[in-house]
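Here's the structure we're looking at; comments come further down.
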Amino acid sequence: LMIFGNINLLEEYPFLEKAVMECFDYAKTHPLLDYENGCHEIDGKRLFVNIVGYTTTTPQQRFWEAHRQYLDLHLMLRGTEQIDLNFIANLEQKEYKESEDFLPLEGEKNSSVILRDGDFLICFPNDGHRTAIQVNAPETIKKAIFKIQI
């Protein structure tokens, strides 16, 4: 069910939920590139954004995850990153950590997307994702991950 798109083409996604559009409105009206890494509250536990910066690497160095309590909206601010995807039904599910809303998974990818500046990926609870995969070589990126409570 994942949705992959670009923030400059939002008119193509009129069906997106109100809370998802709130994230895009926030991104367009706040200088996220200037934000420090960390968690920034938008509306309490219902909606917040994690600003992350890291260096992409090989799939072997990364882990699979999914979430039950929140949708993830990954919005690339600067850089290029591959995110591997598969449905959790196709992956081995490990023990869910409720305090972190973290479902560890193991297995192989079904597909991948490459995020560049302005691209976004929305991951739903059935969408296992493995982030921070390098495209051609390791690269330092900056990304906003909006967390939308379900």
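Chain labels follow the order of the structure tokens: the first chain is A, the next B, and so on; residue numbering restarts at 1 in every chain, and ligands are counted from 1 in their shown order.
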
- Item | Selection: 12 Å around Phe124 in chain A, only C-alpha atoms, excl. self and same-chain fewer than 3 positions, as an MDAnalysis selection string | chainID A and resid 1:4 20 65:74 85:88 121 127:129 147:150

- Which of chain A fall in strand (DSSP E or B), as number ranges by chain: A: 3-6, 38-43, 45, 47-55, 57, 64-66, 70-78, 81-87, 92-93, 97, 102-106, 111-115, 119-123, 127-133, 140-149

Could you turn the residues from that selection into a file that holds C-alpha atoms, as a PDB file, in the first residue's frame?
```pdb
ATOM      1  CA  ILE A   3       2.738   5.585  -1.770  1.00  0.00           C
ATOM      2  CA  PHE A   4       5.765   7.027  -3.588  1.00  0.00           C
ATOM      3  CA  GLY A   5       5.683  10.518  -5.039  1.00  0.00           C
ATOM      4  CA  ASN A   6       7.102  14.035  -5.083  1.00  0.00           C
ATOM      5  CA  GLY A  38      15.824  15.036  16.424  1.00  0.00           C
ATOM      6  CA  CYS A  39      12.123  14.965  17.167  1.00  0.00           C
ATOM      7  CA  HIS A  40      10.032  18.088  16.543  1.00  0.00           C
ATOM      8  CA  GLU A  41       6.465  18.171  17.844  1.00  0.00           C
ATOM      9  CA  ILE A  42       3.679  19.301  15.514  1.00  0.00           C
ATOM     10  CA  ASP A  43       0.569  18.105  17.363  1.00  0.00           C
ATOM     11  CA  LYS A  45       1.683  12.335  19.906  1.00  0.00           C
ATOM     12  CA  LEU A  47       1.732  14.109  14.570  1.00  0.00           C
ATOM     13  CA  PHE A  48       5.442  14.879  14.830  1.00  0.00           C
ATOM     14  CA  VAL A  49       8.513  14.889  12.624  1.00  0.00           C
ATOM     15  CA  ASN A  50      11.901  13.282  13.120  1.00  0.00           C
ATOM     16  CA  ILE A  51      14.722  15.069  11.312  1.00  0.00           C
ATOM     17  CA  VAL A  52      17.516  12.627  10.543  1.00  0.00           C
ATOM     18  CA  GLY A  53      20.913  12.893   8.920  1.00  0.00           C
ATOM     19  CA  TYR A  54      23.063   9.873   8.164  1.00  0.00           C
ATOM     20  CA  THR A  55      25.335   8.249   5.636  1.00  0.00           C
ATOM     21  CA  THR A  57      25.441   2.181   3.308  1.00  0.00           C
ATOM     22  CA  TRP A  64      14.073  -4.161   8.289  1.00  0.00           C
ATOM     23  CA  GLU A  65      11.296  -2.527  10.280  1.00  0.00           C
ATOM     24  CA  ALA A  66       7.584  -1.783  10.299  1.00  0.00           C
ATOM     25  CA  TYR A  70       2.138   5.262  13.168  1.00  0.00           C
ATOM     26  CA  LEU A  71       2.348   5.814   9.450  1.00  0.00           C
ATOM     27  CA  ASP A  72       5.800   6.904   8.275  1.00  0.00           C
ATOM     28  CA  LEU A  73       6.075   9.666   5.713  1.00  0.00           C
ATOM     29  CA  HIS A  74       9.707   9.867   4.557  1.00  0.00           C
ATOM     30  CA  LEU A  75      10.438  13.186   2.813  1.00  0.00           C
ATOM     31  CA  MET A  76      13.904  13.625   1.313  1.00  0.00           C
ATOM     32  CA  LEU A  77      15.302  17.072   2.056  1.00  0.00           C
ATOM     33  CA  ARG A  78      18.785  16.646   0.604  1.00  0.00           C
ATOM     34  CA  GLU A  81      18.716   7.166  -0.646  1.00  0.00           C
ATOM     35  CA  GLN A  82      17.344   3.785  -1.615  1.00  0.00           C
ATOM     36  CA  ILE A  83      14.617   2.294   0.564  1.00  0.00           C
ATOM     37  CA  ASP A  84      13.964  -1.435   0.158  1.00  0.00           C
ATOM     38  CA  LEU A  85      10.383  -2.605   0.565  1.00  0.00           C
ATOM     39  CA  ASN A  86       8.370  -5.739   1.135  1.00  0.00           C
ATOM     40  CA  PHE A  87       5.061  -6.565   2.763  1.00  0.00           C
ATOM     41  CA  GLU A  92       9.869 -13.087   9.077  1.00  0.00           C
ATOM     42  CA  GLN A  93       8.369 -11.040  11.912  1.00  0.00           C
ATOM     43  CA  LYS A  97       8.585  -3.589  20.724  1.00  0.00           C
ATOM     44  CA  PHE A 102       9.137  -1.123  16.260  1.00  0.00           C
ATOM     45  CA  LEU A 103       8.490  -4.427  14.481  1.00  0.00           C
ATOM     46  CA  PRO A 104      11.813  -6.004  13.459  1.00  0.00           C
ATOM     47  CA  LEU A 105      11.719  -8.106  10.311  1.00  0.00           C
ATOM     48  CA  GLU A 106      14.056 -10.333   8.322  1.00  0.00           C
ATOM     49  CA  SER A 111      11.127  -3.791  -4.564  1.00  0.00           C
ATOM     50  CA  SER A 112      12.986  -0.561  -3.895  1.00  0.00           C
ATOM     51  CA  VAL A 113      12.456   3.130  -4.374  1.00  0.00           C
ATOM     52  CA  ILE A 114      15.088   5.825  -4.692  1.00  0.00           C
ATOM     53  CA  LEU A 115      14.333   9.085  -2.913  1.00  0.00           C
ATOM     54  CA  ASP A 119      10.499  12.749  -3.079  1.00  0.00           C
ATOM     55  CA  PHE A 120       8.374  11.092  -0.421  1.00  0.00           C
ATOM     56  CA  LEU A 121       7.436   7.566   0.586  1.00  0.00           C
ATOM     57  CA  ILE A 122       4.468   6.758   2.824  1.00  0.00           C
ATOM     58  CA  CYS A 123       4.740   3.427   4.640  1.00  0.00           C
ATOM     59  CA  ASP A 127       4.928  -2.110   4.588  1.00  0.00           C
ATOM     60  CA  GLY A 128       8.247  -3.417   5.800  1.00  0.00           C
ATOM     61  CA  HIS A 129      11.041  -0.997   4.942  1.00  0.00           C
ATOM     62  CA  ARG A 130      14.833  -0.989   5.054  1.00  0.00           C
ATOM     63  CA  THR A 131      16.207   2.537   4.862  1.00  0.00           C
ATOM     64  CA  ALA A 132      19.609   4.170   4.335  1.00  0.00           C
ATOM     65  CA  ILE A 133      20.710   2.039   1.391  1.00  0.00           C
ATOM     66  CA  THR A 140      25.239  11.821   3.614  1.00  0.00           C
ATOM     67  CA  ILE A 141      21.572  12.709   3.431  1.00  0.00           C
ATOM     68  CA  LYS A 142      19.055  14.770   5.397  1.00  0.00           C
ATOM     69  CA  LYS A 143      15.471  13.592   5.642  1.00  0.00           C
ATOM     70  CA  ALA A 144      12.237  14.360   7.463  1.00  0.00           C
ATOM     71  CA  ILE A 145      10.247  11.392   8.745  1.00  0.00           C
ATOM     72  CA  PHE A 146       6.742  12.480   9.690  1.00  0.00           C
ATOM     73  CA  LYS A 147       5.010  10.138  12.128  1.00  0.00           C
ATOM     74  CA  ILE A 148       1.224  10.079  11.801  1.00  0.00           C
ATOM     75  CA  GLN A 149      -0.703   8.278  14.540  1.00  0.00           C
TER      76      GLN A 149
END
```

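With only C-alpha atoms as the atoms that count, the minimum distance from Cys23 in chain A to the choices A:Arg46, A:Arg116, A:Thr58, A:Ala89 is reached by A:Arg46.
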
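For the pair CA of Asp25 in chain A and CA of Asp117 in chain A, the separation is 16.5 Å.
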
- Task: From a DSSP calculation on the backbone, collect every residue of chain A in helix (DSSP H, G or I) and output the set as a ChimeraX atom specification.
- Result: /A:7-12,18-29,32-34,59-61,88-90,98-100

- Residue with the minimum atom-to-atom distance to Gly107 in chain A, picked from A:Glu12, A:Pro59, A:Glu139, A:Tyr35 with only C-alpha atoms counted, is A:Pro59

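Candidate residues A:Ile7, A:Gln60, A:Tyr26, A:Thr80 were compared for distance to Ala137 in chain A, and the nearest is A:Thr80, using only C-alpha atoms.
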